[in-house]
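Colleague: As input, take input-v5.tsv (TSV, C-alpha atoms):
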```tsv
chain	number	residue	atom	x	y	z
A	1	MET	CA	0.00	0.00	0.00
A	2	ARG	CA	1.01	3.59	-0.61
A	3	VAL	CA	1.45	5.81	2.46
A	4	LEU	CA	1.63	9.62	2.21
A	5	TYR	CA	2.74	12.11	4.85
A	6	PHE	CA	1.99	15.82	5.06
A	7	ALA	CA	3.15	18.90	6.99
A	8	TRP	CA	5.23	18.15	10.11
A	9	LEU	CA	4.73	14.40	9.80
A	10	ARG	CA	6.45	14.58	6.39
A	11	GLN	CA	9.28	16.64	7.90
A	12	LYS	CA	9.81	14.34	10.90
A	13	ILE	CA	9.74	11.17	8.78
A	14	GLY	CA	11.81	12.73	6.00
A	15	LEU	CA	9.58	11.23	3.30
A	16	ALA	CA	6.53	12.52	1.42
A	17	GLU	CA	5.44	8.98	0.57
A	18	GLU	CA	6.51	5.35	0.73
A	19	GLU	CA	5.30	1.97	-0.48
A	20	VAL	CA	4.86	-0.46	2.42
A	21	ALA	CA	3.76	-4.07	2.89
A	22	PRO	CA	2.64	-4.39	6.53
A	23	PRO	CA	2.08	-7.85	8.09
A	24	PRO	CA	-1.45	-9.32	7.88
A	25	GLU	CA	-2.28	-8.41	11.50
A	26	VAL	CA	-2.30	-4.74	10.45
A	27	ARG	CA	-6.00	-4.33	9.62
A	28	ASP	CA	-6.93	-0.73	10.36
A	29	VAL	CA	-5.58	2.84	10.42
A	30	ALA	CA	-4.53	2.61	14.09
A	31	GLY	CA	-2.73	-0.70	13.47
A	32	LEU	CA	-0.92	0.74	10.46
A	33	ARG	CA	0.06	3.86	12.41
A	34	ASP	CA	1.51	1.76	15.26
A	35	TRP	CA	3.38	-0.48	12.80
A	36	LEU	CA	4.77	2.49	10.83
A	37	ALA	CA	5.99	4.07	14.10
A	38	THR	CA	8.46	1.16	14.48
A	39	ARG	CA	10.14	1.75	11.10
A	40	SER	CA	12.58	4.52	12.10
A	41	PRO	CA	13.23	7.10	14.85
A	42	GLY	CA	11.67	9.70	12.52
A	43	HIS	CA	8.49	7.63	12.16
A	44	ALA	CA	8.41	7.14	15.95
A	45	ALA	CA	8.71	10.92	16.49
A	46	ALA	CA	5.99	11.69	13.93
A	47	PHE	CA	3.50	9.28	15.50
A	48	ALA	CA	4.48	9.88	19.15
A	49	ASP	CA	1.38	11.97	19.89
A	50	ALA	CA	-1.44	10.00	18.24
A	51	LYS	CA	-3.99	12.69	19.21
A	52	GLN	CA	-2.27	15.11	16.80
A	53	VAL	CA	-2.41	12.70	13.85
A	54	ARG	CA	-5.31	12.47	11.40
A	55	ALA	CA	-5.67	10.04	8.50
A	56	ALA	CA	-7.33	9.56	5.14
A	57	VAL	CA	-7.97	6.29	3.31
A	58	ASN	CA	-8.24	6.61	-0.47
A	59	GLN	CA	-8.56	10.39	-0.12
A	60	ASP	CA	-11.42	10.40	2.40
A	61	PHE	CA	-10.94	11.30	6.08
A	62	ALA	CA	-10.82	8.09	8.12
A	63	THR	CA	-11.09	7.23	11.81
A	64	PRO	CA	-8.50	4.98	13.56
A	65	ASP	CA	-10.79	1.95	13.24
A	66	HIS	CA	-11.16	2.34	9.44
A	67	PRO	CA	-9.94	-0.84	7.67
A	68	VAL	CA	-6.84	-0.72	5.45
A	69	ALA	CA	-5.90	-3.18	2.71
A	70	ALA	CA	-3.26	-3.76	0.05
A	71	GLY	CA	-3.68	-1.29	-2.80
A	72	ASP	CA	-5.09	1.47	-0.55
A	73	GLU	CA	-3.68	5.00	-0.49
A	74	ILE	CA	-3.34	6.01	3.17
A	75	ALA	CA	-2.32	9.49	4.28
A	76	PHE	CA	-1.27	10.72	7.71
A	77	PHE	CA	-1.24	14.42	8.61
A	78	PRO	CA	-1.89	16.92	11.43
A	79	PRO	CA	-5.32	18.55	11.95
A	80	VAL	CA	-5.98	20.73	8.90
A	81	THR	CA	-5.39	24.51	8.98
A	82	GLY	CA	-6.61	25.88	5.65
A	83	GLY	CA	-8.95	28.77	4.92
B	1	MET	CA	-21.94	22.60	-10.09
B	2	ALA	CA	-19.58	24.74	-8.10
B	3	ARG	CA	-16.40	26.18	-9.59
B	4	ILE	CA	-13.53	24.78	-7.50
B	5	LEU	CA	-9.91	25.82	-8.02
B	6	VAL	CA	-6.73	25.06	-6.08
B	7	GLN	CA	-3.91	27.16	-7.47
B	8	GLU	CA	-0.67	28.94	-6.71
B	9	ALA	CA	-1.55	32.04	-8.75
B	10	LEU	CA	-3.43	35.10	-7.55
B	11	PHE	CA	-7.10	35.30	-8.61
B	12	ASP	CA	-9.34	38.10	-9.87
B	13	MET	CA	-12.17	38.52	-7.35
B	14	ALA	CA	-14.11	41.02	-9.51
B	15	ALA	CA	-14.01	38.76	-12.57
B	16	GLU	CA	-15.05	35.72	-10.50
B	17	SER	CA	-17.96	37.66	-9.02
B	18	ALA	CA	-19.05	39.00	-12.42
B	19	ALA	CA	-19.06	35.44	-13.81
B	20	LEU	CA	-21.79	34.46	-11.32
B	21	THR	CA	-24.25	37.03	-12.68
B	22	ALA	CA	-23.20	37.16	-16.36
B	23	GLY	CA	-26.08	36.43	-18.73
B	24	ARG	CA	-28.67	35.69	-16.05
B	25	ILE	CA	-31.48	37.62	-14.35
B	26	ASP	CA	-32.37	35.20	-11.52
B	27	VAL	CA	-29.56	36.25	-9.16
B	28	GLY	CA	-30.60	38.56	-6.33
B	29	GLY	CA	-27.32	38.65	-4.43
B	30	VAL	CA	-23.73	37.48	-4.41
B	31	ALA	CA	-22.02	37.00	-1.03
B	32	SER	CA	-18.26	36.81	-0.71
B	33	PHE	CA	-15.53	35.93	1.74
B	34	LEU	CA	-11.93	36.78	0.94
B	35	GLY	CA	-9.33	35.35	3.32
B	36	VAL	CA	-6.17	37.46	3.44
B	37	CYS	CA	-2.71	36.73	4.85
B	38	ARG	CA	-1.99	38.91	7.94
B	39	GLY	CA	1.57	39.95	8.73
B	40	ASP	CA	1.38	39.42	12.52
B	41	ASP	CA	4.53	39.14	14.66
B	42	GLY	CA	7.02	39.68	11.85
B	43	LEU	CA	5.51	37.03	9.57
B	44	SER	CA	7.25	37.12	6.20
B	45	ALA	CA	5.22	34.43	4.38
B	46	LEU	CA	2.67	31.66	4.76
B	47	VAL	CA	3.46	28.42	2.96
B	48	LEU	CA	0.38	26.34	2.24
B	49	GLU	CA	0.77	22.62	1.68
B	50	HIS	CA	-2.16	20.48	0.50
B	51	TYR	CA	-3.05	16.94	-0.56
B	52	PRO	CA	-3.48	17.07	-4.36
B	53	GLY	CA	-6.51	15.06	-5.41
B	54	MET	CA	-8.09	14.85	-1.97
B	55	THR	CA	-8.20	18.65	-1.69
B	56	GLU	CA	-10.33	19.06	-4.83
B	57	ARG	CA	-12.56	16.15	-3.75
B	58	ALA	CA	-13.06	17.62	-0.29
B	59	LEU	CA	-13.83	21.12	-1.61
B	60	ALA	CA	-16.29	19.72	-4.18
B	61	ARG	CA	-18.03	17.73	-1.45
B	62	ILE	CA	-18.29	20.79	0.83
B	63	ALA	CA	-19.67	22.88	-2.06
B	64	ALA	CA	-22.18	20.13	-2.93
B	65	GLU	CA	-23.34	20.18	0.70
B	66	ALA	CA	-23.88	23.96	0.49
B	67	GLU	CA	-25.81	23.55	-2.77
B	68	ALA	CA	-27.99	20.88	-1.13
B	69	ARG	CA	-28.77	23.10	1.87
B	70	TRP	CA	-29.36	26.45	0.14
B	71	PRO	CA	-30.91	27.36	-3.24
B	72	LEU	CA	-27.75	28.69	-4.85
B	73	THR	CA	-27.54	29.82	-8.47
B	74	GLY	CA	-23.75	29.68	-8.36
B	75	CYS	CA	-20.83	28.92	-6.06
B	76	THR	CA	-17.08	29.50	-6.44
B	77	VAL	CA	-14.28	28.36	-4.13
B	78	ILE	CA	-10.67	29.25	-4.96
B	79	HIS	CA	-7.94	28.26	-2.49
B	80	ARG	CA	-4.33	29.18	-3.06
B	81	MET	CA	-1.37	26.96	-2.17
B	82	GLY	CA	2.36	27.51	-2.04
B	83	ARG	CA	4.00	30.70	-0.80
B	84	ILE	CA	1.67	33.57	0.16
B	85	LEU	CA	2.89	36.99	1.29
B	86	PRO	CA	1.28	39.27	3.91
B	87	GLY	CA	-1.50	41.28	2.27
B	88	GLU	CA	-2.13	38.67	-0.42
B	89	PRO	CA	-5.39	36.72	-0.66
B	90	ILE	CA	-5.48	33.07	0.45
B	91	VAL	CA	-9.02	31.93	-0.25
B	92	LEU	CA	-12.14	33.19	-2.03
B	93	VAL	CA	-15.67	31.95	-1.43
B	94	LEU	CA	-18.52	33.32	-3.56
B	95	THR	CA	-22.15	32.28	-3.35
B	96	ALA	CA	-25.01	33.56	-5.50
B	97	SER	CA	-28.72	33.13	-4.88
B	98	ALA	CA	-32.07	34.74	-5.60
B	99	HIS	CA	-32.14	36.07	-2.02
B	100	ARG	CA	-29.49	37.38	0.36
B	101	ALA	CA	-30.09	35.04	3.31
B	102	ALA	CA	-29.20	31.93	1.31
B	103	ALA	CA	-26.11	33.57	-0.21
B	104	LEU	CA	-24.82	34.92	3.12
B	105	GLU	CA	-25.48	31.74	5.10
B	106	ALA	CA	-23.99	29.45	2.44
B	107	CYS	CA	-20.89	31.64	2.24
B	108	ALA	CA	-20.36	31.47	6.02
B	109	PHE	CA	-20.97	27.70	5.99
B	110	LEU	CA	-18.43	27.16	3.20
B	111	ILE	CA	-15.59	29.01	4.87
B	112	ASP	CA	-16.32	27.40	8.26
B	113	TRP	CA	-16.38	23.89	6.79
B	114	LEU	CA	-13.40	24.25	4.51
B	115	LYS	CA	-11.27	25.41	7.44
B	116	THR	CA	-11.85	22.08	9.19
B	117	LYS	CA	-12.63	19.65	6.34
B	118	ALA	CA	-10.20	20.42	3.51
B	119	PRO	CA	-6.62	19.06	3.65
B	120	PHE	CA	-4.51	22.22	3.78
B	121	TRP	CA	-1.70	22.96	6.24
B	122	LYS	CA	-0.18	26.38	6.89
B	123	ARG	CA	3.45	26.98	7.83
B	124	GLU	CA	4.44	30.44	9.04
B	125	GLU	CA	7.82	31.84	8.08
B	126	PHE	CA	9.27	34.81	9.98
B	127	ALA	CA	11.74	37.54	9.07
B	128	ASP	CA	14.27	36.18	11.62
B	129	GLY	CA	14.37	32.80	9.80
B	130	ASP	CA	12.09	31.03	12.26
B	131	ALA	CA	9.31	28.79	10.87
B	132	ARG	CA	6.44	26.93	12.52
B	133	TRP	CA	3.37	24.94	11.54
B	134	VAL	CA	0.08	26.58	12.45
B	135	ALA	CA	-1.88	24.56	15.04
B	136	ALA	CA	-5.58	23.85	14.48
B	137	LYS	CA	-7.86	26.05	16.60
B	138	ASP	CA	-10.72	24.82	18.79
B	139	GLU	CA	-12.74	27.87	17.74
B	140	ASP	CA	-12.59	26.70	14.11
B	141	ASP	CA	-14.02	23.32	15.15
B	142	ALA	CA	-16.76	25.14	17.09
B	143	ALA	CA	-17.55	27.35	14.06
B	144	ALA	CA	-17.84	24.27	11.82
B	145	ALA	CA	-19.93	22.39	14.40
B	146	ARG	CA	-22.65	25.06	14.45
B	147	TRP	CA	-23.61	23.95	10.91
B	148	GLN	CA	-23.97	20.31	11.93
B	149	VAL	CA	-27.43	18.99	11.09
B	150	LYS	CA	-29.14	17.80	14.27
B	151	GLY	CA	-29.00	14.04	14.46
B	152	GLY	CA	-26.59	13.98	11.50
```
For this file, produce the structure as structure tokens.

Modeller:
Amino acid sequence: MRVLYFAWLRQKIGLAEEEVAPPPEVRDVAGLRDWLATRSPGHAAAFADAKQVRAAVNQDFATPDHPVAAGDEIAFFPPVTGG
Amino acid sequence: MARILVQEALFDMAAESAALTAGRIDVGGVASFLGVCRGDDGLSALVLEHYPGMTERALARIAAEAEARWPLTGCTVIHRMGRILPGEPIVLVLTASAHRAAALEACAFLIDWLKTKAPFWKREEFADGDARWVAAKDEDDAAAARWQVKGG
């Protein structure tokens, strides 16, 4: 699956996007977030405060219990600040 | 169908407004909101990042919600991205309707919802070289929540 990062998550991780193949026990957004956090110190720093992280699955906002599957586009980002 | 644009370039508010009334006689009012970059605390620029693809989808969905709630004859949302200097516009919302209440309410709804439901992130850059990401505000969530349909 394709994972995208925006704003300070992108800066802390040092990547705008990456292709990942999480193990089968990763079934939802929260599971993916926790698994990604183990990939590098930058990932761990980006996901350290889960309350400050929002997600989208296939370009729609998604809650932590939203399922994820191979082929999905998942994005992680801080609360939005447009307008 | 609303006109939705996400662009780096400046936009022409007068031309956008004129386009909503051109060639028609059923428009009784056009309401507008123009968001402008303030130069508080030595701010030298705002840098707006967004999620290409999702941004346009989210703005179209918000505009469709406005069109479902109010009898609009036209609706335009233009949001800039990239580097924006103090005094420059950031976002334009225009709503046209036969009557003012619908235009004014839909315009307020659109700016309140897009602040909390469209994937944009602002970074502030300062004259002294400092930079920081803008944090989301509780008051923006409260402003968006007042448009929530009861039971929805």

Colleague: For CA of Phe77 in chain A and CA of Leu34 in chain B, quote the distance in Å rounded to one decimal.

Modeller: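 Interatomic distance, CA of Phe77 in chain A to CA of Leu34 in chain B: 25.9 Å.
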
Colleague: From the options B:Ala142, B:Leu72, B:Ala66, B:Ile84, which residue's atoms come nearest to Val36 in chain B, counting all atoms listed in the file?

Modeller: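 Comparing B:Ala142, B:Leu72, B:Ala66, B:Ile84 against Val36 in chain B, the winner is B:Ile84.
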
Colleague: Find the residues near range 130-132 of chain B: any atom within 10 Å, counting all atoms listed in the file, skip ones fewer than 3 places away on the same chain, and give them as a list in words.

Modeller: Trp8 of chain A; Leu43, Ser44, Ala45, Leu46, Val47, Lys122, Arg123, Glu124, Glu125, Phe126, Ala127 and Ala135 of chain B

Colleague: Per residue of chain A within 9 Å of chain B, record the nearest atom pair and its distance in Å to one decimal, counting all atoms listed in the file, with rows in chain order and ascending residue number, as a tab-separated table.

Modeller:
```
residue	atom	partner	partner_atom	distance
A:Phe6	CA	B:Tyr51	CA	7.6
A:Ala7	CA	B:Trp121	CA	6.4
A:Trp8	CA	B:Trp133	CA	7.2
A:Ala56	CA	B:Met54	CA	8.9
A:Asn58	CA	B:Met54	CA	8.4
A:Gln59	CA	B:Met54	CA	4.9
A:Asp60	CA	B:Met54	CA	7.1
A:Phe61	CA	B:Lys117	CA	8.5
A:Ala75	CA	B:Tyr51	CA	8.9
A:Phe77	CA	B:Pro119	CA	8.7
A:Pro78	CA	B:Trp121	CA	8.0
A:Pro79	CA	B:Ala136	CA	5.9
A:Val80	CA	B:Trp121	CA	5.5
A:Thr81	CA	B:Trp121	CA	4.9
A:Gly82	CA	B:Phe120	CA	4.6
A:Gly83	CA	B:Lys115	CA	4.8
```

Colleague: List as a ChimeraX atom specification: which residues have an atom within 12 Å of (14.7, 9.7, 10.3), counting only C-alpha atoms?

Modeller: /A:9-15,37-46

Colleague: Which is closer to Ala60 in chain B than all the others in B:Ala9, B:Thr76, B:Pro89, B:Ile4, using all atoms listed in the file?

Modeller: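 With all atoms listed in the file as the atom set, the closest residue is B:Ile4.
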
Colleague: Rounded to one decimal, what separation in Å do you get between CA of Val29 in chain A and CA of Glu65 in chain B?

Modeller: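 Value for the CA of Val29 in chain A-CA of Glu65 in chain B distance: 26.7 Å.
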
Colleague: Calculate, to one decimal in Å, the centre and edge lengths of the box along x, y and z of the file that holds all listed atoms of range 118-133 of chain B with 3 Å of margin on each side, and present them as lines of an AutoDock Vina configuration file.

Modeller:
```
center_x = 2.1
center_y = 28.3
center_z = 8.0
size_x = 30.6
size_y = 24.5
size_z = 15.0
```

Colleague: Suppose you want the space between CA of Phe47 in chain A and CA of Ala145 in chain B; what is it in Å?

Modeller: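 Distance reported for this atom pair: 26.9 Å.
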
Colleague: With distances taken over all atoms listed in the file, which of B:Cys107, B:Glu139, B:Arg146, B:Gly39 is nearest to Ile62 in chain B?

Modeller: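 Using all atoms listed in the file, the shortest distance to Ile62 in chain B belongs to B:Cys107.
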
Colleague: Skip Thr21 in chain B itself and residues of its chain fewer than 3 positions away, then list as a ChimeraX atom specification all residues within 9 Å of it, counting only C-alpha atoms.

Modeller: /B:17-18,24-27,29-30,73-74,96

Colleague: Considering only C-alpha atoms, state which residue in the set A:Ala16, A:Val3, A:Val68, A:Ala55 is at the smallest distance from Leu36 in chain A.

Modeller: A:Val3

Colleague: Taking the point (-2.7, 1.7, 4.1) as given in the file, collect each protein or nucleic acid residue that comes within 7 Å of it, counting all atoms listed in the file, and present the set as a PyMOL selection string.

Modeller: chain A and resi 1-3+32+68-70+72-74
